[in-house]
Amino acid sequence: MMESRRWENGKIVSSKLLSKEMAGRDIYLPANVYIIGTVNMDETTHPFSKKVLDRANTIEFNRVQLDHLDFLKELKQVEPMKLNQEAFAAKYLHLKDVYQRYPHVVERATNELVKINTYLQPLGAHIGYRVRDEICFYLAYNEEGKLMEFENAFDHCLLQKILPRISGSDARVQRALEQLFTFCTGIELNGEYDALLDFTYAKYPKSADKILHMLRGLADDGFTSFWIGS
């Protein structure tokens with residue numbers, strides 16, 4: 001139903017969600033509905049399918065810093081920020097919507113994703129048009145809000161939309177991850193995953209850190225996925 005959305009008279013409309021016969025009136029997917037969910041990932045749960053990952057951004061909350069106690073010393077009361085619907089409303093449904101305003105963003109992102117797909121193709125984990133379009137939407141909103149530099153924003157996209165697709169136990173997975181690490185940092189690992197590397201100033205450091213974590217899991221356990229250690 002989300003994918004049935006289209007522009008009509010300047011508004012986003014969807015196909016019918018429930019009919020009048022079922023619900024008493026025709027119900028559509030409103031433009032101000034946002035779907036956000038949480039899930040625990042451990043040995044008792046099944047990983048998400050690529051169909052789900054294609055339609056969502058994965059944001060991990062697994063960093064623990066117990067000695068961060070500064071928040072206990074802050075006595076100032078912080079007022080909640082008030083935002084209206086316009087701050088969240090979708091502005092792009094199709095790639096051409098973005099291309100009309102930010103053609104350089106679409107072209108730059110696509111060039112990077114073409115390179116990434118060459119590494120993922122042997123695994124069958126390469127991305128398609130939907131993921132490319134959603135990454136471009138993300139980057140367009142980032143450009144519009146002047147939130148991050150392109151590399152920083154694309155780093156988040158790589159981490160949230162592409163790396164969760166990778167899992168396995170064979171040499172193809174290792175090769176793809178090593179190629180992605182080099183793509184992110186310019187550093188070749190050559191099977192050495194325990195060396196202390198300073199890639200904080202790499203092109204895509206957040207993704208590089210996750211990739212190295214996944215490679216260490218593969219070396220230690222014979223299997224790796226985005227969710228290892230999550």
# chains A, B, ... in the order shown; residues from 1 in each chain; ligands from 1
>>> select_by_dssp(residues="region 3-230 of chain A", states="helix (DSSP H, G or I)", output="VMD selection string")
chain A and resid 3 to 4 20 to 23 50 to 53 70 to 73 85 to 87 95 to 101 103 to 123 129 to 145 150 to 165 171 to 185 205 to 221
>>> residues_around(residues="Asp170 (chain A)", least_positions_apart="6", cutoff="9 Å", atoms="only C-alpha atoms", output="list in words")
Leu218, Gly222 and Phe223 of chain A
>>> write_last_selection(atoms="all heavy atoms", output="short mmCIF file (atom, residue, chain, number, x, y, z; two decimals), in the first residue's frame")
data_model
loop_
_atom_site.label_atom_id
_atom_site.label_comp_id
_atom_site.auth_asym_id
_atom_site.auth_seq_id
_atom_site.Cartn_x
_atom_site.Cartn_y
_atom_site.Cartn_z
N LEU A 218 33.46 -13.08 11.10
CA LEU A 218 33.64 -14.16 10.12
C LEU A 218 34.90 -14.96 10.41
O LEU A 218 34.90 -16.20 10.35
CB LEU A 218 33.70 -13.56 8.71
CG LEU A 218 33.85 -14.54 7.55
CD1 LEU A 218 32.66 -15.49 7.49
CD2 LEU A 218 33.98 -13.78 6.23
N GLY A 222 33.36 -18.16 11.76
CA GLY A 222 33.04 -18.83 10.50
C GLY A 222 31.74 -18.36 9.88
O GLY A 222 31.29 -18.92 8.87
N PHE A 223 31.12 -17.38 10.46
CA PHE A 223 29.87 -16.82 9.93
C PHE A 223 29.77 -15.37 10.35
O PHE A 223 30.24 -14.99 11.43
CB PHE A 223 28.65 -17.59 10.46
CG PHE A 223 27.33 -17.01 10.00
CD1 PHE A 223 26.81 -17.37 8.77
CD2 PHE A 223 26.64 -16.10 10.78
CE1 PHE A 223 25.61 -16.83 8.32
CE2 PHE A 223 25.44 -15.55 10.35
CZ PHE A 223 24.93 -15.93 9.11
#
>>> residues_around(residues="region 117-133 of chain A", least_positions_apart="3", cutoff="8 Å", atoms="only C-alpha atoms", output="list in words")
Asp54, Arg55, His94, Leu95, Thr110, Leu113, Val114, Cys136, Phe137, Lys161, Ile162, Arg165, Ile166, Arg172, Val173, Ala176, Gln179 and Leu180 of chain A
>>> write_last_selection(atoms="all heavy atoms", output="compact mmCIF listing (two decimals), in the first residue's frame")
# COMPACT_ATOMS: atom_id res chain seq x y z
N ASP A 54 14.81 -3.76 2.23
CA ASP A 54 14.71 -2.84 1.10
C ASP A 54 13.80 -1.66 1.41
O ASP A 54 13.93 -0.59 0.81
CB ASP A 54 14.17 -3.56 -0.14
CG ASP A 54 15.24 -4.40 -0.83
OD1 ASP A 54 16.41 -4.32 -0.41
OD2 ASP A 54 14.90 -5.11 -1.78
N ARG A 55 12.87 -1.85 2.34
CA ARG A 55 11.85 -0.85 2.59
C ARG A 55 12.05 -0.12 3.92
O ARG A 55 11.15 0.57 4.38
CB ARG A 55 10.47 -1.51 2.58
CG ARG A 55 10.07 -2.01 1.20
CD ARG A 55 8.93 -3.00 1.25
NE ARG A 55 8.43 -3.34 -0.07
CZ ARG A 55 9.00 -4.20 -0.90
NH1 ARG A 55 10.11 -4.84 -0.54
NH2 ARG A 55 8.49 -4.44 -2.08
N HIS A 94 9.16 9.70 -6.25
CA HIS A 94 9.82 9.08 -7.38
C HIS A 94 11.19 9.74 -7.58
O HIS A 94 11.40 10.89 -7.20
CB HIS A 94 8.98 9.23 -8.65
CG HIS A 94 7.55 8.81 -8.47
ND1 HIS A 94 7.18 7.50 -8.33
CD2 HIS A 94 6.41 9.54 -8.38
CE1 HIS A 94 5.87 7.42 -8.18
NE2 HIS A 94 5.38 8.65 -8.20
N LEU A 95 12.09 9.00 -8.20
CA LEU A 95 13.44 9.53 -8.37
C LEU A 95 13.44 10.81 -9.20
O LEU A 95 14.26 11.70 -8.97
CB LEU A 95 14.33 8.47 -9.05
CG LEU A 95 15.82 8.79 -9.08
CD1 LEU A 95 16.39 8.90 -7.66
CD2 LEU A 95 16.58 7.74 -9.87
N THR A 110 24.46 7.54 -7.41
CA THR A 110 24.36 6.40 -8.32
C THR A 110 25.75 5.89 -8.70
O THR A 110 25.97 4.67 -8.77
CB THR A 110 23.57 6.80 -9.58
OG1 THR A 110 22.23 7.18 -9.19
CG2 THR A 110 23.49 5.63 -10.55
N LEU A 113 26.94 3.81 -5.86
CA LEU A 113 26.18 2.55 -5.73
C LEU A 113 26.52 1.57 -6.83
O LEU A 113 26.49 0.35 -6.61
CB LEU A 113 24.68 2.86 -5.73
CG LEU A 113 24.18 3.64 -4.50
CD1 LEU A 113 22.74 4.08 -4.69
CD2 LEU A 113 24.31 2.80 -3.24
N VAL A 114 26.85 2.05 -8.01
CA VAL A 114 27.29 1.15 -9.09
C VAL A 114 28.57 0.43 -8.68
O VAL A 114 28.71 -0.79 -8.91
CB VAL A 114 27.49 1.95 -10.40
CG1 VAL A 114 28.24 1.11 -11.43
CG2 VAL A 114 26.15 2.40 -10.97
N CYS A 136 18.63 8.09 -2.47
CA CYS A 136 18.61 9.43 -3.07
C CYS A 136 17.62 10.34 -2.35
O CYS A 136 17.88 11.54 -2.19
CB CYS A 136 18.28 9.34 -4.55
SG CYS A 136 19.63 8.67 -5.56
N PHE A 137 16.48 9.80 -1.90
CA PHE A 137 15.55 10.60 -1.11
C PHE A 137 16.24 11.09 0.17
O PHE A 137 16.15 12.27 0.54
CB PHE A 137 14.31 9.78 -0.72
CG PHE A 137 13.46 9.31 -1.86
CD1 PHE A 137 12.58 8.27 -1.70
CD2 PHE A 137 13.56 9.90 -3.12
CE1 PHE A 137 11.79 7.82 -2.74
CE2 PHE A 137 12.78 9.46 -4.18
CZ PHE A 137 11.90 8.41 -3.98
N LYS A 161 21.27 0.88 4.96
CA LYS A 161 20.49 0.29 3.88
C LYS A 161 21.19 -0.87 3.16
O LYS A 161 20.51 -1.71 2.56
CB LYS A 161 20.14 1.35 2.82
CG LYS A 161 19.22 2.44 3.28
CD LYS A 161 17.80 1.93 3.48
CE LYS A 161 17.10 1.61 2.18
NZ LYS A 161 15.69 1.20 2.41
N ILE A 162 22.52 -0.90 3.19
CA ILE A 162 23.24 -1.88 2.37
C ILE A 162 23.91 -2.96 3.20
O ILE A 162 23.77 -4.16 2.93
CB ILE A 162 24.26 -1.16 1.47
CG1 ILE A 162 23.50 -0.25 0.49
CG2 ILE A 162 25.12 -2.17 0.72
CD1 ILE A 162 24.38 0.57 -0.40
N ARG A 165 22.20 -6.23 4.43
CA ARG A 165 21.88 -7.26 3.44
C ARG A 165 22.93 -8.37 3.38
O ARG A 165 22.70 -9.41 2.77
CB ARG A 165 21.77 -6.61 2.05
CG ARG A 165 20.79 -5.48 1.95
CD ARG A 165 20.97 -4.69 0.65
NE ARG A 165 20.77 -5.52 -0.51
CZ ARG A 165 19.58 -5.80 -1.04
NH1 ARG A 165 18.50 -5.27 -0.50
NH2 ARG A 165 19.47 -6.58 -2.10
N ILE A 166 24.08 -8.14 4.02
CA ILE A 166 25.22 -9.05 3.85
C ILE A 166 25.29 -10.05 5.01
O ILE A 166 25.31 -9.67 6.17
CB ILE A 166 26.53 -8.26 3.77
CG1 ILE A 166 26.48 -7.26 2.61
CG2 ILE A 166 27.72 -9.21 3.62
CD1 ILE A 166 27.67 -6.33 2.56
N ARG A 172 33.25 -15.71 -0.60
CA ARG A 172 32.64 -14.60 -1.35
C ARG A 172 32.24 -13.47 -0.42
O ARG A 172 32.38 -12.29 -0.75
CB ARG A 172 31.43 -15.08 -2.13
CG ARG A 172 31.74 -16.05 -3.27
CD ARG A 172 30.46 -16.54 -3.89
NE ARG A 172 29.60 -17.18 -2.89
CZ ARG A 172 28.31 -17.44 -3.09
NH1 ARG A 172 27.73 -17.13 -4.23
NH2 ARG A 172 27.61 -18.02 -2.13
N VAL A 173 31.73 -13.84 0.76
CA VAL A 173 31.35 -12.83 1.75
C VAL A 173 32.59 -12.08 2.24
O VAL A 173 32.60 -10.85 2.34
CB VAL A 173 30.62 -13.48 2.95
CG1 VAL A 173 30.33 -12.45 4.03
CG2 VAL A 173 29.33 -14.14 2.48
N ALA A 176 33.81 -9.72 -0.52
CA ALA A 176 32.94 -8.55 -0.68
C ALA A 176 33.15 -7.55 0.45
O ALA A 176 33.23 -6.33 0.22
CB ALA A 176 31.48 -8.99 -0.72
N GLN A 179 36.47 -5.78 0.01
CA GLN A 179 36.37 -4.79 -1.06
C GLN A 179 35.61 -3.55 -0.60
O GLN A 179 35.98 -2.42 -0.91
CB GLN A 179 35.68 -5.40 -2.28
CG GLN A 179 36.53 -6.42 -3.02
CD GLN A 179 35.77 -7.08 -4.15
OE1 GLN A 179 34.60 -7.41 -4.03
NE2 GLN A 179 36.45 -7.28 -5.27
N LEU A 180 34.55 -3.77 0.17
CA LEU A 180 33.78 -2.64 0.70
C LEU A 180 34.61 -1.82 1.68
O LEU A 180 34.51 -0.59 1.71
CB LEU A 180 32.50 -3.14 1.37
CG LEU A 180 31.37 -3.56 0.44
CD1 LEU A 180 30.26 -4.26 1.22
CD2 LEU A 180 30.80 -2.36 -0.31
>>> closest_atom_pairs(of="region 68-185 of chain A", to="region 192-207 of chain A", cutoff="7 Å", atoms="only C-alpha atoms", output="JSON lines")
{"residue": "A:Glu151", "atom": "CA", "partner": "A:Lys203", "partner_atom": "CA", "distance": 6.4}
{"residue": "A:Asn152", "atom": "CA", "partner": "A:Tyr204", "partner_atom": "CA", "distance": 6.8}
{"residue": "A:Asp155", "atom": "CA", "partner": "A:Tyr204", "partner_atom": "CA", "distance": 5.0}
{"residue": "A:Leu158", "atom": "CA", "partner": "A:Ser207", "partner_atom": "CA", "distance": 6.5}
{"residue": "A:Leu159", "atom": "CA", "partner": "A:Ser207", "partner_atom": "CA", "distance": 5.1}
{"residue": "A:Cys184", "atom": "CA", "partner": "A:Tyr204", "partner_atom": "CA", "distance": 4.9}
{"residue": "A:Thr185", "atom": "CA", "partner": "A:Ala202", "partner_atom": "CA", "distance": 4.7}
>>> decode(residues="region 183-195 of chain A", atoms="all heavy atoms", output="PDB file, in the first residue's frame")
ATOM      1  N   PHE A 183      36.843   0.257  -0.322  1.00  0.00           N
ATOM      2  CA  PHE A 183      36.014   1.304  -0.917  1.00  0.00           C
ATOM      3  C   PHE A 183      35.774   2.440   0.079  1.00  0.00           C
ATOM      4  O   PHE A 183      35.799   3.622  -0.284  1.00  0.00           O
ATOM      5  CB  PHE A 183      34.681   0.697  -1.363  1.00  0.00           C
ATOM      6  CG  PHE A 183      33.638   1.692  -1.771  1.00  0.00           C
ATOM      7  CD1 PHE A 183      33.683   2.300  -3.012  1.00  0.00           C
ATOM      8  CD2 PHE A 183      32.597   2.019  -0.903  1.00  0.00           C
ATOM      9  CE1 PHE A 183      32.707   3.224  -3.391  1.00  0.00           C
ATOM     10  CE2 PHE A 183      31.624   2.935  -1.271  1.00  0.00           C
ATOM     11  CZ  PHE A 183      31.675   3.531  -2.517  1.00  0.00           C
ATOM     12  N   CYS A 184      35.559   2.082   1.342  1.00  0.00           N
ATOM     13  CA  CYS A 184      35.262   3.079   2.377  1.00  0.00           C
ATOM     14  C   CYS A 184      36.505   3.826   2.860  1.00  0.00           C
ATOM     15  O   CYS A 184      36.411   4.993   3.272  1.00  0.00           O
ATOM     16  CB  CYS A 184      34.598   2.415   3.583  1.00  0.00           C
ATOM     17  SG  CYS A 184      32.928   1.800   3.263  1.00  0.00           S
ATOM     18  N   THR A 185      37.653   3.155   2.844  1.00  0.00           N
ATOM     19  CA  THR A 185      38.836   3.700   3.512  1.00  0.00           C
ATOM     20  C   THR A 185      40.046   3.907   2.617  1.00  0.00           C
ATOM     21  O   THR A 185      40.946   4.682   2.966  1.00  0.00           O
ATOM     22  CB  THR A 185      39.277   2.764   4.658  1.00  0.00           C
ATOM     23  OG1 THR A 185      39.710   1.517   4.089  1.00  0.00           O
ATOM     24  CG2 THR A 185      38.138   2.505   5.634  1.00  0.00           C
ATOM     25  N   GLY A 186      40.118   3.178   1.519  1.00  0.00           N
ATOM     26  CA  GLY A 186      41.327   3.194   0.715  1.00  0.00           C
ATOM     27  C   GLY A 186      42.406   2.273   1.257  1.00  0.00           C
ATOM     28  O   GLY A 186      43.518   2.219   0.732  1.00  0.00           O
ATOM     29  N   ILE A 187      42.091   1.502   2.320  1.00  0.00           N
ATOM     30  CA  ILE A 187      43.040   0.592   2.964  1.00  0.00           C
ATOM     31  C   ILE A 187      42.716  -0.844   2.579  1.00  0.00           C
ATOM     32  O   ILE A 187      41.561  -1.258   2.638  1.00  0.00           O
ATOM     33  CB  ILE A 187      42.985   0.736   4.503  1.00  0.00           C
ATOM     34  CG1 ILE A 187      43.324   2.163   4.926  1.00  0.00           C
ATOM     35  CG2 ILE A 187      43.918  -0.261   5.185  1.00  0.00           C
ATOM     36  CD1 ILE A 187      43.069   2.435   6.397  1.00  0.00           C
ATOM     37  N   GLU A 188      43.729  -1.627   2.190  1.00  0.00           N
ATOM     38  CA  GLU A 188      43.540  -3.041   1.892  1.00  0.00           C
ATOM     39  C   GLU A 188      43.894  -3.872   3.123  1.00  0.00           C
ATOM     40  O   GLU A 188      44.964  -3.707   3.707  1.00  0.00           O
ATOM     41  CB  GLU A 188      44.414  -3.457   0.703  1.00  0.00           C
ATOM     42  CG  GLU A 188      43.977  -2.821  -0.608  1.00  0.00           C
ATOM     43  CD  GLU A 188      44.673  -3.435  -1.805  1.00  0.00           C
ATOM     44  OE1 GLU A 188      45.306  -4.501  -1.637  1.00  0.00           O
ATOM     45  OE2 GLU A 188      44.577  -2.851  -2.889  1.00  0.00           O
ATOM     46  N   LEU A 189      42.988  -4.769   3.493  1.00  0.00           N
ATOM     47  CA  LEU A 189      43.178  -5.549   4.719  1.00  0.00           C
ATOM     48  C   LEU A 189      44.027  -6.797   4.497  1.00  0.00           C
ATOM     49  O   LEU A 189      44.831  -7.173   5.343  1.00  0.00           O
ATOM     50  CB  LEU A 189      41.813  -5.953   5.281  1.00  0.00           C
ATOM     51  CG  LEU A 189      40.972  -4.805   5.847  1.00  0.00           C
ATOM     52  CD1 LEU A 189      39.577  -5.299   6.188  1.00  0.00           C
ATOM     53  CD2 LEU A 189      41.637  -4.225   7.089  1.00  0.00           C
ATOM     54  N   ASN A 190      43.792  -7.499   3.395  1.00  0.00           N
ATOM     55  CA  ASN A 190      44.550  -8.722   3.088  1.00  0.00           C
ATOM     56  C   ASN A 190      44.496  -9.742   4.218  1.00  0.00           C
ATOM     57  O   ASN A 190      45.497 -10.341   4.598  1.00  0.00           O
ATOM     58  CB  ASN A 190      46.008  -8.384   2.766  1.00  0.00           C
ATOM     59  CG  ASN A 190      46.132  -7.503   1.533  1.00  0.00           C
ATOM     60  OD1 ASN A 190      45.435  -7.732   0.550  1.00  0.00           O
ATOM     61  ND2 ASN A 190      46.996  -6.502   1.593  1.00  0.00           N
ATOM     62  N   GLY A 191      43.300  -9.925   4.781  1.00  0.00           N
ATOM     63  CA  GLY A 191      43.113 -10.943   5.805  1.00  0.00           C
ATOM     64  C   GLY A 191      43.553 -10.555   7.195  1.00  0.00           C
ATOM     65  O   GLY A 191      43.421 -11.345   8.135  1.00  0.00           O
ATOM     66  N   GLU A 192      44.087  -9.352   7.375  1.00  0.00           N
ATOM     67  CA  GLU A 192      44.520  -8.892   8.706  1.00  0.00           C
ATOM     68  C   GLU A 192      43.445  -8.000   9.301  1.00  0.00           C
ATOM     69  O   GLU A 192      43.250  -6.862   8.869  1.00  0.00           O
ATOM     70  CB  GLU A 192      45.839  -8.121   8.585  1.00  0.00           C
ATOM     71  CG  GLU A 192      47.003  -8.948   8.076  1.00  0.00           C
ATOM     72  CD  GLU A 192      47.414 -10.036   9.068  1.00  0.00           C
ATOM     73  OE1 GLU A 192      47.218  -9.834  10.278  1.00  0.00           O
ATOM     74  OE2 GLU A 192      47.922 -11.086   8.620  1.00  0.00           O
ATOM     75  N   TYR A 193      42.727  -8.525  10.309  1.00  0.00           N
ATOM     76  CA  TYR A 193      41.590  -7.787  10.867  1.00  0.00           C
ATOM     77  C   TYR A 193      41.837  -7.266  12.283  1.00  0.00           C
ATOM     78  O   TYR A 193      41.019  -6.545  12.826  1.00  0.00           O
ATOM     79  CB  TYR A 193      40.338  -8.678  10.885  1.00  0.00           C
ATOM     80  CG  TYR A 193      40.049  -9.331   9.555  1.00  0.00           C
ATOM     81  CD1 TYR A 193      39.650 -10.662   9.489  1.00  0.00           C
ATOM     82  CD2 TYR A 193      40.189  -8.613   8.371  1.00  0.00           C
ATOM     83  CE1 TYR A 193      39.385 -11.269   8.271  1.00  0.00           C
ATOM     84  CE2 TYR A 193      39.935  -9.209   7.144  1.00  0.00           C
ATOM     85  CZ  TYR A 193      39.535 -10.538   7.101  1.00  0.00           C
ATOM     86  OH  TYR A 193      39.288 -11.135   5.894  1.00  0.00           O
ATOM     87  N   ASP A 194      42.954  -7.668  12.870  1.00  0.00           N
ATOM     88  CA  ASP A 194      43.214  -7.273  14.260  1.00  0.00           C
ATOM     89  C   ASP A 194      44.165  -6.094  14.373  1.00  0.00           C
ATOM     90  O   ASP A 194      44.398  -5.589  15.468  1.00  0.00           O
ATOM     91  CB  ASP A 194      43.785  -8.456  15.053  1.00  0.00           C
ATOM     92  CG  ASP A 194      42.773  -9.586  15.196  1.00  0.00           C
ATOM     93  OD1 ASP A 194      41.570  -9.273  15.312  1.00  0.00           O
ATOM     94  OD2 ASP A 194      43.182 -10.752  15.169  1.00  0.00           O
ATOM     95  N   ALA A 195      44.713  -5.663  13.260  1.00  0.00           N
ATOM     96  CA  ALA A 195      45.647  -4.528  13.303  1.00  0.00           C
ATOM     97  C   ALA A 195      44.910  -3.260  13.721  1.00  0.00           C
ATOM     98  O   ALA A 195      43.727  -3.068  13.407  1.00  0.00           O
ATOM     99  CB  ALA A 195      46.288  -4.329  11.931  1.00  0.00           C
TER     100      ALA A 195
END
